[in-house]
$ cat model_28.pdb   # PDB, C-alpha atoms
ATOM      1  CA  MET A   1     -10.715  25.266   9.877
ATOM      2  CA  SER A   2     -12.636  25.115   6.589
ATOM      3  CA  LEU A   3     -13.160  21.769   4.888
ATOM      4  CA  LEU A   4     -11.390  23.059   1.779
ATOM      5  CA  LEU A   5      -8.282  23.987   3.748
ATOM      6  CA  LEU A   6      -8.407  20.657   5.590
ATOM      7  CA  TYR A   7      -8.602  18.836   2.251
ATOM      8  CA  ALA A   8      -5.720  20.884   0.830
ATOM      9  CA  LEU A   9      -3.494  20.177   3.843
ATOM     10  CA  LEU A  10      -4.296  16.452   3.948
ATOM     11  CA  LEU A  11      -3.865  16.161   0.172
ATOM     12  CA  LYS A  12      -0.500  17.923   0.387
ATOM     13  CA  ALA A  13       0.625  15.487   3.073
ATOM     14  CA  SER A  14      -0.699  12.500   1.132
ATOM     15  CA  VAL A  15       0.807  13.483  -2.217
ATOM     16  CA  THR A  16       4.221  14.205  -0.749
ATOM     17  CA  SER A  17       4.490  10.776   0.865
ATOM     18  CA  PHE A  18       4.986   7.342  -0.632
ATOM     19  CA  SER A  19       3.671   5.107   2.114
ATOM     20  CA  GLY A  20       0.778   4.823   4.531
ATOM     21  CA  VAL A  21       2.319   6.615   7.488
ATOM     22  CA  GLY A  22       4.758   8.644   5.393
ATOM     23  CA  ALA A  23       2.415  11.641   5.539
ATOM     24  CA  LEU A  24       2.483  11.724   9.340
ATOM     25  CA  PRO A  25       5.271  14.327   9.833
ATOM     26  CA  GLN A  26       3.594  16.775   7.444
ATOM     27  CA  ILE A  27       0.158  16.279   9.032
ATOM     28  CA  ARG A  28       1.606  16.871  12.483
ATOM     29  CA  GLN A  29       3.383  20.001  11.308
ATOM     30  CA  ASP A  30       0.244  21.454   9.704
ATOM     31  CA  LEU A  31      -2.572  20.378  12.009
ATOM     32  CA  VAL A  32      -0.862  20.053  15.403
ATOM     33  CA  VAL A  33       1.904  22.664  15.261
ATOM     34  CA  THR A  34       0.812  25.331  12.755
ATOM     35  CA  TYR A  35      -3.007  25.384  12.942
ATOM     36  CA  ARG A  36      -3.396  23.688  16.379
ATOM     37  CA  VAL A  37      -6.677  22.033  15.419
ATOM     38  CA  MET A  38      -5.737  18.697  16.988
ATOM     39  CA  SER A  39      -3.356  17.405  19.657
ATOM     40  CA  ASP A  40      -0.506  14.901  19.484
ATOM     41  CA  GLU A  41      -2.734  12.517  21.431
ATOM     42  CA  ASP A  42      -5.469  12.834  18.781
ATOM     43  CA  LEU A  43      -2.883  12.122  16.114
ATOM     44  CA  SER A  44      -1.492   9.056  17.915
ATOM     45  CA  ARG A  45      -5.008   7.754  18.374
ATOM     46  CA  ALA A  46      -5.750   8.312  14.679
ATOM     47  CA  VAL A  47      -2.694   6.235  13.737
ATOM     48  CA  LEU A  48      -3.803   3.510  16.150
ATOM     49  CA  PHE A  49      -7.250   3.415  14.548
ATOM     50  CA  GLY A  50      -5.722   3.367  11.086
ATOM     51  CA  ARG A  51      -3.729   0.286  12.048
ATOM     52  CA  SER A  52      -6.707  -1.292  13.786
ATOM     53  CA  SER A  53      -9.015  -1.078  10.787
ATOM     54  CA  PRO A  54      -9.181  -3.280   7.706
ATOM     55  CA  GLY A  55      -7.603  -1.875   4.565
ATOM     56  CA  PRO A  56      -4.669   0.490   4.060
ATOM     57  CA  VAL A  57      -2.778   1.853   7.072
ATOM     58  CA  GLY A  58      -3.174   5.291   5.464
ATOM     59  CA  LEU A  59      -6.809   5.264   6.600
ATOM     60  CA  TYR A  60      -5.636   7.111   9.694
ATOM     61  CA  ILE A  61      -6.027  10.248   7.547
ATOM     62  CA  VAL A  62      -9.794   9.653   7.730
ATOM     63  CA  SER A  63      -9.532   9.575  11.509
ATOM     64  CA  VAL A  64      -7.490  12.786  11.429
ATOM     65  CA  GLY A  65     -10.211  14.445   9.364
ATOM     66  CA  HIS A  66     -12.822  13.262  11.860
ATOM     67  CA  ALA A  67     -10.804  14.581  14.794
ATOM     68  CA  VAL A  68     -10.674  18.030  13.176
ATOM     69  CA  ARG A  69     -14.174  18.432  11.662
ATOM     70  CA  GLY A  70     -16.326  15.404  12.574
ATOM     71  CA  VAL A  71     -18.000  13.340   9.852
ATOM     72  CA  PRO A  72     -17.547  15.981   7.087
ATOM     73  CA  GLY A  73     -13.868  16.041   8.030
ATOM     74  CA  ALA A  74     -13.725  12.240   7.751
ATOM     75  CA  ILE A  75     -15.176  12.453   4.232
ATOM     76  CA  VAL A  76     -12.603  15.093   3.322
ATOM     77  CA  GLY A  77      -9.880  12.851   4.789
ATOM     78  CA  TRP A  78     -11.060   9.943   2.662
ATOM     79  CA  LEU A  79     -11.021  12.134  -0.477
ATOM     80  CA  ALA A  80      -7.485  13.308   0.296
ATOM     81  CA  LEU A  81      -6.435   9.688   0.804
ATOM     82  CA  ALA A  82      -8.064   8.296  -2.332
ATOM     83  CA  SER A  83      -7.403  11.000  -4.927
ATOM     84  CA  PRO A  84      -3.602  10.542  -5.337
ATOM     85  CA  ALA A  85      -4.170   6.839  -6.132
ATOM     86  CA  PHE A  86      -5.442   7.748  -9.592
ATOM     87  CA  LEU A  87      -1.979   9.078 -10.500
ATOM     88  CA  ALA A  88      -1.090   5.403 -10.920
ATOM     89  CA  ILE A  89      -3.127   5.266 -14.138
ATOM     90  CA  PRO A  90      -1.010   7.637 -16.280
ATOM     91  CA  MET A  91       2.104   6.037 -14.778
ATOM     92  CA  LEU A  92       0.918   2.583 -15.846
ATOM     93  CA  ALA A  93       0.008   3.896 -19.310
ATOM     94  CA  LEU A  94       3.476   5.410 -19.737
ATOM     95  CA  LEU A  95       5.115   2.237 -18.529
ATOM     96  CA  ARG A  96       3.194   0.138 -21.046
ATOM     97  CA  ARG A  97       4.191   2.450 -23.877
ATOM     98  CA  TRP A  98       7.895   2.008 -23.117
ATOM     99  CA  LEU A  99       7.872  -1.593 -22.010
ATOM    100  CA  HIS A 100       9.142  -2.928 -25.344
ATOM    101  CA  LEU A 101      12.546  -1.368 -24.532
ATOM    102  CA  SER A 102      14.872  -3.829 -22.829
ATOM    103  CA  ARG A 103      16.331  -1.090 -20.609
ATOM    104  CA  VAL A 104      12.860  -0.163 -19.368
ATOM    105  CA  ARG A 105      11.979  -3.818 -18.711
ATOM    106  CA  SER A 106      15.218  -4.274 -16.820
ATOM    107  CA  ALA A 107      14.606  -1.083 -14.805
ATOM    108  CA  LEU A 108      11.108  -2.324 -13.984
ATOM    109  CA  ASP A 109      12.433  -5.707 -12.866
ATOM    110  CA  ALA A 110      14.969  -3.984 -10.617
ATOM    111  CA  VAL A 111      12.225  -1.815  -9.104
ATOM    112  CA  ILE A 112      10.045  -4.867  -8.481
ATOM    113  CA  ILE A 113      12.909  -6.616  -6.696
ATOM    114  CA  ALA A 114      13.570  -3.456  -4.670
ATOM    115  CA  SER A 115       9.862  -3.273  -3.748
ATOM    116  CA  ALA A 116      10.038  -6.824  -2.454
ATOM    117  CA  THR A 117      13.230  -6.096  -0.523
ATOM    118  CA  LEU A 118      11.635  -3.047   1.096
ATOM    119  CA  LEU A 119       8.637  -5.118   2.176
ATOM    120  CA  VAL A 120      10.812  -7.421   4.290
ATOM    121  CA  PRO A 121      11.692  -4.897   7.043
ATOM    122  CA  SER A 122       8.063  -3.708   7.094
ATOM    123  CA  GLY A 123       6.844  -7.268   7.623
ATOM    124  CA  LEU A 124       9.490  -8.006  10.244
ATOM    125  CA  LEU A 125       8.754  -4.772  12.157
ATOM    126  CA  LEU A 126       5.034  -5.539  12.150
ATOM    127  CA  ALA A 127       5.750  -9.047  13.437
ATOM    128  CA  ARG A 128       8.136  -7.745  16.112
ATOM    129  CA  ASP A 129       5.594  -5.186  17.366
ATOM    130  CA  ALA A 130       2.836  -7.776  17.489
ATOM    131  CA  ILE A 131       5.000 -10.345  19.286
ATOM    132  CA  MET A 132       6.137  -7.753  21.843
ATOM    133  CA  GLN A 133       2.543  -6.701  22.488
ATOM    134  CA  LEU A 134       1.438 -10.309  22.865
ATOM    135  CA  ALA A 135       4.325 -10.912  25.280
ATOM    136  CA  GLY A 136       3.139  -7.861  27.212
ATOM    137  CA  PHE A 137      -0.402  -9.256  27.448
ATOM    138  CA  VAL A 138       0.914 -12.633  28.628
ATOM    139  CA  GLY A 139       3.281 -10.980  31.100
ATOM    140  CA  ALA A 140       0.437  -8.947  32.562
ATOM    141  CA  HIS A 141      -1.488 -12.167  33.230
ATOM    142  CA  LEU A 142       1.377 -13.972  34.985
TER     143      LEU A 142
ATOM    144  CA  MET B   1      -3.960  -9.570 -18.684
ATOM    145  CA  ARG B   2      -5.415 -12.688 -20.217
ATOM    146  CA  ASP B   3      -8.980 -12.614 -18.952
ATOM    147  CA  ALA B   4     -11.005 -10.133 -16.917
ATOM    148  CA  PRO B   5     -13.577 -10.342 -14.137
ATOM    149  CA  SER B   6     -16.799  -8.415 -14.634
ATOM    150  CA  LEU B   7     -16.978  -4.990 -13.002
ATOM    151  CA  ALA B   8     -19.319  -6.330 -10.328
ATOM    152  CA  THR B   9     -17.038  -9.294  -9.626
ATOM    153  CA  LEU B  10     -14.016  -7.004  -9.437
ATOM    154  CA  ALA B  11     -15.868  -4.726  -7.005
ATOM    155  CA  TRP B  12     -16.836  -7.672  -4.812
ATOM    156  CA  LEU B  13     -13.399  -9.312  -4.790
ATOM    157  CA  VAL B  14     -11.573  -6.053  -4.059
ATOM    158  CA  THR B  15     -14.013  -5.090  -1.306
ATOM    159  CA  ARG B  16     -13.751  -8.552   0.241
ATOM    160  CA  ASP B  17      -9.982  -9.066   0.040
ATOM    161  CA  ALA B  18      -8.772  -5.492   0.559
ATOM    162  CA  ASN B  19     -10.701  -5.273   3.816
ATOM    163  CA  LYS B  20      -9.821  -8.663   5.238
ATOM    164  CA  THR B  21      -6.599  -7.825   7.034
ATOM    165  CA  ILE B  22      -5.565  -5.409   9.755
ATOM    166  CA  GLY B  23      -2.247  -3.618  10.183
ATOM    167  CA  SER B  24      -0.947  -3.586   6.619
ATOM    168  CA  GLY B  25      -2.547  -2.840   3.282
ATOM    169  CA  MET B  26       0.086  -4.909   1.464
ATOM    170  CA  ALA B  27      -1.259  -7.959   3.276
ATOM    171  CA  SER B  28      -4.636  -7.237   1.689
ATOM    172  CA  ILE B  29      -2.979  -7.009  -1.700
ATOM    173  CA  GLU B  30      -1.435 -10.425  -1.143
ATOM    174  CA  LEU B  31      -4.897 -11.882  -0.495
ATOM    175  CA  LEU B  32      -6.244 -10.176  -3.604
ATOM    176  CA  ARG B  33      -3.308 -11.440  -5.676
ATOM    177  CA  ARG B  34      -4.011 -15.004  -4.563
ATOM    178  CA  THR B  35      -7.692 -14.693  -5.462
ATOM    179  CA  LEU B  36      -7.025 -13.204  -8.904
ATOM    180  CA  GLU B  37      -4.168 -15.599  -9.658
ATOM    181  CA  ARG B  38      -6.279 -18.616  -8.731
ATOM    182  CA  ARG B  39      -8.878 -17.537 -11.287
ATOM    183  CA  GLY B  40      -6.282 -16.859 -13.984
ATOM    184  CA  TRP B  41      -6.884 -13.112 -14.105
ATOM    185  CA  ILE B  42      -3.371 -12.085 -13.060
ATOM    186  CA  ASP B  43       0.055 -13.695 -12.636
ATOM    187  CA  ASP B  44       3.199 -12.910 -10.671
ATOM    188  CA  ARG B  45       4.632 -10.744 -13.440
ATOM    189  CA  GLU B  46       1.481  -8.646 -13.765
ATOM    190  CA  HIS B  47       1.345  -8.321 -10.018
ATOM    191  CA  GLY B  48       4.947  -7.140 -10.087
ATOM    192  CA  VAL B  49       4.236  -4.452 -12.695
ATOM    193  CA  LEU B  50       1.240  -3.123 -10.746
ATOM    194  CA  ASN B  51       3.279  -3.198  -7.564
ATOM    195  CA  ALA B  52       6.103  -1.205  -9.136
ATOM    196  CA  VAL B  53       3.680   1.436 -10.420
ATOM    197  CA  ALA B  54       1.996   1.622  -7.011
ATOM    198  CA  ARG B  55       5.356   2.079  -5.310
ATOM    199  CA  PHE B  56       6.156   5.081  -7.493
ATOM    200  CA  THR B  57       2.745   6.691  -7.050
ATOM    201  CA  PRO B  58       2.497   9.327  -4.306
ATOM    202  CA  GLY B  59       0.112   8.511  -1.476
ATOM    203  CA  THR B  60      -1.080   5.156  -0.233
ATOM    204  CA  ASN B  61       0.540   2.335  -2.236
ATOM    205  CA  VAL B  62      -2.376  -0.036  -1.816
ATOM    206  CA  LEU B  63      -4.916   2.360  -3.304
ATOM    207  CA  ALA B  64      -2.565   3.119  -6.201
ATOM    208  CA  TYR B  65      -2.256  -0.636  -6.791
ATOM    209  CA  LEU B  66      -6.033  -0.971  -6.788
ATOM    210  CA  ALA B  67      -6.474   2.000  -9.151
ATOM    211  CA  ALA B  68      -3.971   0.493 -11.597
ATOM    212  CA  LEU B  69      -5.515  -2.979 -11.257
ATOM    213  CA  GLY B  70      -9.057  -1.694 -11.808
ATOM    214  CA  TRP B  71      -7.965   0.408 -14.774
ATOM    215  CA  SER B  72      -6.210  -2.600 -16.332
ATOM    216  CA  PHE B  73      -9.477  -4.550 -16.297
ATOM    217  CA  HIS B  74     -12.178  -1.929 -16.873
ATOM    218  CA  GLY B  75     -10.606   1.484 -17.503
ATOM    219  CA  ALA B  76     -11.742   4.453 -15.418
ATOM    220  CA  ALA B  77     -14.827   2.677 -14.066
ATOM    221  CA  GLY B  78     -12.671  -0.201 -12.848
ATOM    222  CA  ALA B  79     -10.219   2.185 -11.184
ATOM    223  CA  VAL B  80     -12.987   4.035  -9.338
ATOM    224  CA  VAL B  81     -14.709   0.822  -8.256
ATOM    225  CA  ALA B  82     -11.450  -0.707  -7.022
ATOM    226  CA  VAL B  83     -10.397   2.388  -5.048
ATOM    227  CA  LEU B  84     -13.874   2.704  -3.531
ATOM    228  CA  GLY B  85     -13.927  -0.988  -2.607
ATOM    229  CA  GLY B  86     -10.472  -0.782  -1.097
ATOM    230  CA  SER B  87     -10.983   2.342   0.987
ATOM    231  CA  LEU B  88     -14.636   3.011   1.754
ATOM    232  CA  PRO B  89     -15.427   0.145   4.178
ATOM    233  CA  GLY B  90     -12.252   0.785   6.181
ATOM    234  CA  SER B  91     -12.962   4.523   6.221
ATOM    235  CA  VAL B  92     -16.394   3.925   7.706
ATOM    236  CA  ILE B  93     -14.893   1.652  10.362
ATOM    237  CA  VAL B  94     -12.136   4.177  11.169
ATOM    238  CA  THR B  95     -14.765   6.901  11.540
ATOM    239  CA  ILE B  96     -16.810   4.747  13.920
ATOM    240  CA  LEU B  97     -13.673   3.802  15.885
ATOM    241  CA  THR B  98     -12.697   7.468  16.193
ATOM    242  CA  ALA B  99     -16.163   8.392  17.387
ATOM    243  CA  ALA B 100     -16.094   5.552  19.946
ATOM    244  CA  ALA B 101     -12.463   6.148  20.927
ATOM    245  CA  ALA B 102     -12.952   6.476  24.663
ATOM    246  CA  THR B 103     -14.495   3.034  25.200
ATOM    247  CA  LEU B 104     -12.383   0.825  22.916
ATOM    248  CA  ASP B 105      -9.089   1.228  24.775
ATOM    249  CA  ARG B 106     -10.567  -0.439  27.862
ATOM    250  CA  TRP B 107     -11.305  -3.800  26.241
ATOM    251  CA  ARG B 108      -8.318  -6.098  26.562
ATOM    252  CA  VAL B 109      -9.864  -8.741  24.321
ATOM    253  CA  VAL B 110     -10.119  -6.178  21.496
ATOM    254  CA  ARG B 111      -6.463  -5.233  21.881
ATOM    255  CA  VAL B 112      -5.352  -8.883  21.887
ATOM    256  CA  ALA B 113      -7.450  -9.644  18.799
ATOM    257  CA  LEU B 114      -5.954  -6.660  16.954
ATOM    258  CA  THR B 115      -2.450  -7.771  17.890
ATOM    259  CA  VAL B 116      -3.019 -11.291  16.576
ATOM    260  CA  ALA B 117      -4.456  -9.827  13.372
ATOM    261  CA  THR B 118      -1.330  -7.702  12.995
ATOM    262  CA  LEU B 119       0.848 -10.806  13.327
ATOM    263  CA  VAL B 120      -1.117 -12.498  10.543
ATOM    264  CA  ALA B 121      -0.741  -9.356   8.411
ATOM    265  CA  ALA B 122       3.039  -9.469   8.919
ATOM    266  CA  GLY B 123       3.098 -12.987   7.493
ATOM    267  CA  LEU B 124       1.091 -11.883   4.479
ATOM    268  CA  VAL B 125       3.445  -8.947   3.841
ATOM    269  CA  LEU B 126       6.405 -11.329   3.750
ATOM    270  CA  ALA B 127       4.468 -13.681   1.449
ATOM    271  CA  ASN B 128       3.833 -10.725  -0.851
ATOM    272  CA  ALA B 129       7.563  -9.962  -0.944
ATOM    273  CA  TRP B 130       8.248 -13.547  -1.993
ATOM    274  CA  SER B 131       5.604 -13.452  -4.728
ATOM    275  CA  LEU B 132       7.325 -10.370  -6.197
ATOM    276  CA  VAL B 133      10.818 -11.879  -6.350
ATOM    277  CA  ARG B 134       9.715 -15.419  -7.237
ATOM    278  CA  PRO B 135       9.673 -14.908 -11.050
ATOM    279  CA  HIS B 136      13.173 -13.427 -10.869
ATOM    280  CA  VAL B 137      14.879 -16.013  -8.672
ATOM    281  CA  ARG B 138      13.458 -18.741 -10.918
ATOM    282  CA  GLY B 139      14.375 -16.927 -14.133
ATOM    283  CA  ALA B 140      17.543 -16.722 -16.190
ATOM    284  CA  ARG B 141      19.007 -13.761 -14.274
ATOM    285  CA  VAL B 142      19.235 -15.152 -10.757
ATOM    286  CA  GLY B 143      22.625 -13.550 -10.082
ATOM    287  CA  TRP B 144      21.394 -10.172 -11.327
ATOM    288  CA  ALA B 145      18.232 -10.462  -9.194
ATOM    289  CA  LEU B 146      20.260 -11.273  -6.077
ATOM    290  CA  ALA B 147      22.621  -8.372  -6.783
ATOM    291  CA  SER B 148      19.619  -6.052  -7.190
ATOM    292  CA  ALA B 149      18.124  -7.220  -3.894
ATOM    293  CA  ALA B 150      21.475  -6.801  -2.156
ATOM    294  CA  LEU B 151      21.840  -3.281  -3.546
ATOM    295  CA  ALA B 152      18.311  -2.347  -2.401
ATOM    296  CA  ALA B 153      18.950  -3.781   1.063
ATOM    297  CA  ALA B 154      22.286  -1.965   1.363
ATOM    298  CA  LEU B 155      20.707   1.362   0.393
ATOM    299  CA  TYR B 156      17.850   0.843   2.848
ATOM    300  CA  LEU B 157      20.243  -0.073   5.661
ATOM    301  CA  ALA B 158      22.316   3.012   4.823
ATOM    302  CA  GLY B 159      19.252   5.140   5.541
ATOM    303  CA  ALA B 160      18.011   5.906   2.014
ATOM    304  CA  THR B 161      14.279   6.619   1.739
ATOM    305  CA  PRO B 162      12.197   4.013  -0.136
ATOM    306  CA  VAL B 163      11.703   6.333  -3.110
ATOM    307  CA  ARG B 164      15.458   6.897  -3.400
ATOM    308  CA  VAL B 165      16.049   3.146  -3.196
ATOM    309  CA  LEU B 166      13.575   2.597  -6.021
ATOM    310  CA  LEU B 167      15.081   5.363  -8.154
ATOM    311  CA  VAL B 168      18.619   4.036  -7.747
ATOM    312  CA  LEU B 169      17.418   0.527  -8.590
ATOM    313  CA  ALA B 170      15.587   1.840 -11.664
ATOM    314  CA  ILE B 171      18.847   3.417 -12.856
ATOM    315  CA  TRP B 172      20.763   0.243 -12.015
ATOM    316  CA  GLY B 173      18.253  -1.839 -13.962
ATOM    317  CA  SER B 174      18.332   0.449 -16.994
ATOM    318  CA  LEU B 175      22.136   0.266 -17.058
ATOM    319  CA  THR B 176      22.184  -3.528 -16.891
ATOM    320  CA  PRO B 177      19.658  -4.691 -19.496
ATOM    321  CA  SER B 178      19.614  -8.198 -20.854
ATOM    322  CA  GLU B 179      17.705 -10.052 -23.538
ATOM    323  CA  ALA B 180      16.997 -12.614 -20.855
ATOM    324  CA  THR B 181      14.863 -10.074 -19.007
ATOM    325  CA  PRO B 182      11.332 -11.499 -18.829
ATOM    326  CA  GLN B 183       9.020 -10.139 -21.517
ATOM    327  CA  THR B 184       6.899  -8.140 -19.152
ATOM    328  CA  GLU B 185       4.845  -6.422 -21.827
ATOM    329  CA  LYS B 186       3.254  -9.590 -23.131
ATOM    330  CA  HIS B 187       1.493 -10.027 -19.784
ATOM    331  CA  VAL B 188       0.134  -6.506 -19.643
ATOM    332  CA  ALA B 189      -2.618  -5.616 -22.059
ATOM    333  CA  PRO B 190      -4.373  -2.266 -22.422
ATOM    334  CA  PRO B 191      -7.645  -1.815 -20.542
ATOM    335  CA  ARG B 192     -10.717  -3.404 -21.989
TER     336      ARG B 192
END
$ encode --input "model_28.pdb" --output "structure tokens"
Amino acid sequence: MSLLLLYALLLKASVTSFSGVGALPQIRQDLVVTYRVMSDEDLSRAVLFGRSSPGPVGLYIVSVGHAVRGVPGAIVGWLALASPAFLAIPMLALLRRWLHLSRVRSALDAVIIASATLLVPSGLLLARDAIMQLAGFVGAHL
Amino acid sequence: MRDAPSLATLAWLVTRDANKTIGSGMASIELLRRTLERRGWIDDREHGVLNAVARFTPGTNVLAYLAALGWSFHGAAGAVVAVLGGSLPGSVIVTILTAAAATLDRWRVVRVALTVATLVAAGLVLANAWSLVRPHVRGARVGWALASAALAAALYLAGATPVRVLLVLAIWGSLTPSEATPQTEKHVAPPR
């Protein structure tokens, strides 16, 4: 697989998702099912490494790139991960232009509250997974 | 934003805080928020605005947050520096981990350490959630804020995707404006 195609596929998956692991189904469809350039095991391992590294969980895309094309693939993965972030700049500029409108401010406040609400299950799921794994480690020692 | 760190300081703080936690990027953002808030460079409202923008940006929320934060302080250069600082160190580590994949799985101590780090990250994610709602539950529209949170939770529990939850809440917010809504714009200045 060419680096350009790899970048295009990873960028497509990244742009069409709104969270770190949200791109996973699309990546699996393209790279595991359609092009068969990596296995499900490679993909699971990439997600594990993404969660085991400092920084965003979405870093697993770098690992996916590495699994497909080595270090150049990892660089392509990083580019596909980082480039959509800059879309935040025009969004912030637009928001600032309209922020004097009370309806826009109220909509923004509601979105902020929703963001916070959506973080709660993420935090609780992370905690549950970690506690279950720790219990597994302790159980294995007893 | 009232005051701004230098580009070098921003690069250092983002690189340090965004790469301090494992298991959740939002935990890193919470650390960064605390650092910037302590120095008077950001407050809860500004953090909330950046968070909302990041949530609506396709891709990784954390990097979108960093791009918006960097742009707010130093324009395009700030955005590039912040995204690089927030993603490059972790990318290098992920690449090394992937290359060394076969050996890492055998070390129990590594797995335990990662699990503990994930637990800490979970706590930071929940702290971040609180920092986002704090200005609202202490403001003049407590009832409206609680209703908004309840609506978001109900939609999430009903199986709506996060983006749909945010869109519905944006519509809900625009239909229920109030003069008591905090003056968000006075906290958010154009980039320097």
$ resolve_selection --input "model_28.pdb" --expression "the PyMOL selection byres ((chain A and resi 57-65) around 9)" --output "NGL selection string"
(:A and (6-7 or 10 or 14 or 19-24 or 27 or 38 or 42-43 or 45-56 or 66-81)) or (:B and (22-25 or 59-60 or 87 or 90-92 or 94-95 or 97-99))
$ atom_distance --input "model_28.pdb" --atom1 "CA of Trp130 in chain B" --atom2 "CA of Ala152 in chain B"
15.1 Å
$ atom_distance --input "model_28.pdb" --atom1 "CA of Tyr65 in chain B" --atom2 "CA of Asn51 in chain B"
6.1 Å
$ atom_distance --input "model_28.pdb" --atom1 "CA of Ala121 in chain B" --atom2 "CA of Thr21 in chain B"
6.2 Å
$ resolve_selection --input "model_28.pdb" --expression "the PyMOL selection byres ((chain B and resi 69) around 9)" --output "PDB file with C-alpha atoms, keeping the file's coordinate frame"
ATOM      1  CA  HIS B  47       1.345  -8.321 -10.018  1.00  0.00           C
ATOM      2  CA  LEU B  50       1.240  -3.123 -10.746  1.00  0.00           C
ATOM      3  CA  ALA B  64      -2.565   3.119  -6.201  1.00  0.00           C
ATOM      4  CA  TYR B  65      -2.256  -0.636  -6.791  1.00  0.00           C
ATOM      5  CA  LEU B  66      -6.033  -0.971  -6.788  1.00  0.00           C
ATOM      6  CA  ALA B  67      -6.474   2.000  -9.151  1.00  0.00           C
ATOM      7  CA  ALA B  68      -3.971   0.493 -11.597  1.00  0.00           C
ATOM      8  CA  GLY B  70      -9.057  -1.694 -11.808  1.00  0.00           C
ATOM      9  CA  TRP B  71      -7.965   0.408 -14.774  1.00  0.00           C
ATOM     10  CA  SER B  72      -6.210  -2.600 -16.332  1.00  0.00           C
ATOM     11  CA  PHE B  73      -9.477  -4.550 -16.297  1.00  0.00           C
ATOM     12  CA  HIS B  74     -12.178  -1.929 -16.873  1.00  0.00           C
ATOM     13  CA  GLY B  78     -12.671  -0.201 -12.848  1.00  0.00           C
ATOM     14  CA  ALA B  79     -10.219   2.185 -11.184  1.00  0.00           C
ATOM     15  CA  ALA B  82     -11.450  -0.707  -7.022  1.00  0.00           C
TER      16      ALA B  82
END
$ residues_near_point --input "model_28.pdb" --point "(-7.0, 9.0, -8.5)" --cutoff "9 Å" --atoms "all atoms listed in the file" --output "mmCIF file with C-alpha atoms, keeping the file's coordinate frame"
data_model
loop_
_atom_site.group_PDB
_atom_site.id
_atom_site.type_symbol
_atom_site.label_atom_id
_atom_site.label_comp_id
_atom_site.auth_asym_id
_atom_site.auth_seq_id
_atom_site.Cartn_x
_atom_site.Cartn_y
_atom_site.Cartn_z
ATOM 1 C CA ALA A 82 -8.064 8.296 -2.332
ATOM 2 C CA SER A 83 -7.403 11.000 -4.927
ATOM 3 C CA PRO A 84 -3.602 10.542 -5.337
ATOM 4 C CA ALA A 85 -4.170 6.839 -6.132
ATOM 5 C CA PHE A 86 -5.442 7.748 -9.592
ATOM 6 C CA LEU A 87 -1.979 9.078 -10.500
ATOM 7 C CA ALA A 88 -1.090 5.403 -10.920
ATOM 8 C CA ILE A 89 -3.127 5.266 -14.138
ATOM 9 C CA LEU B 63 -4.916 2.360 -3.304
ATOM 10 C CA ALA B 64 -2.565 3.119 -6.201
ATOM 11 C CA ALA B 67 -6.474 2.000 -9.151
ATOM 12 C CA ALA B 79 -10.219 2.185 -11.184
ATOM 13 C CA VAL B 80 -12.987 4.035 -9.338
ATOM 14 C CA VAL B 83 -10.397 2.388 -5.048
#
$ closest_residue --input "model_28.pdb" --among "A:Arg103, A:Arg28, A:Arg128, A:His141" --to "chain B" --atoms "only C-alpha atoms"
A:Arg103
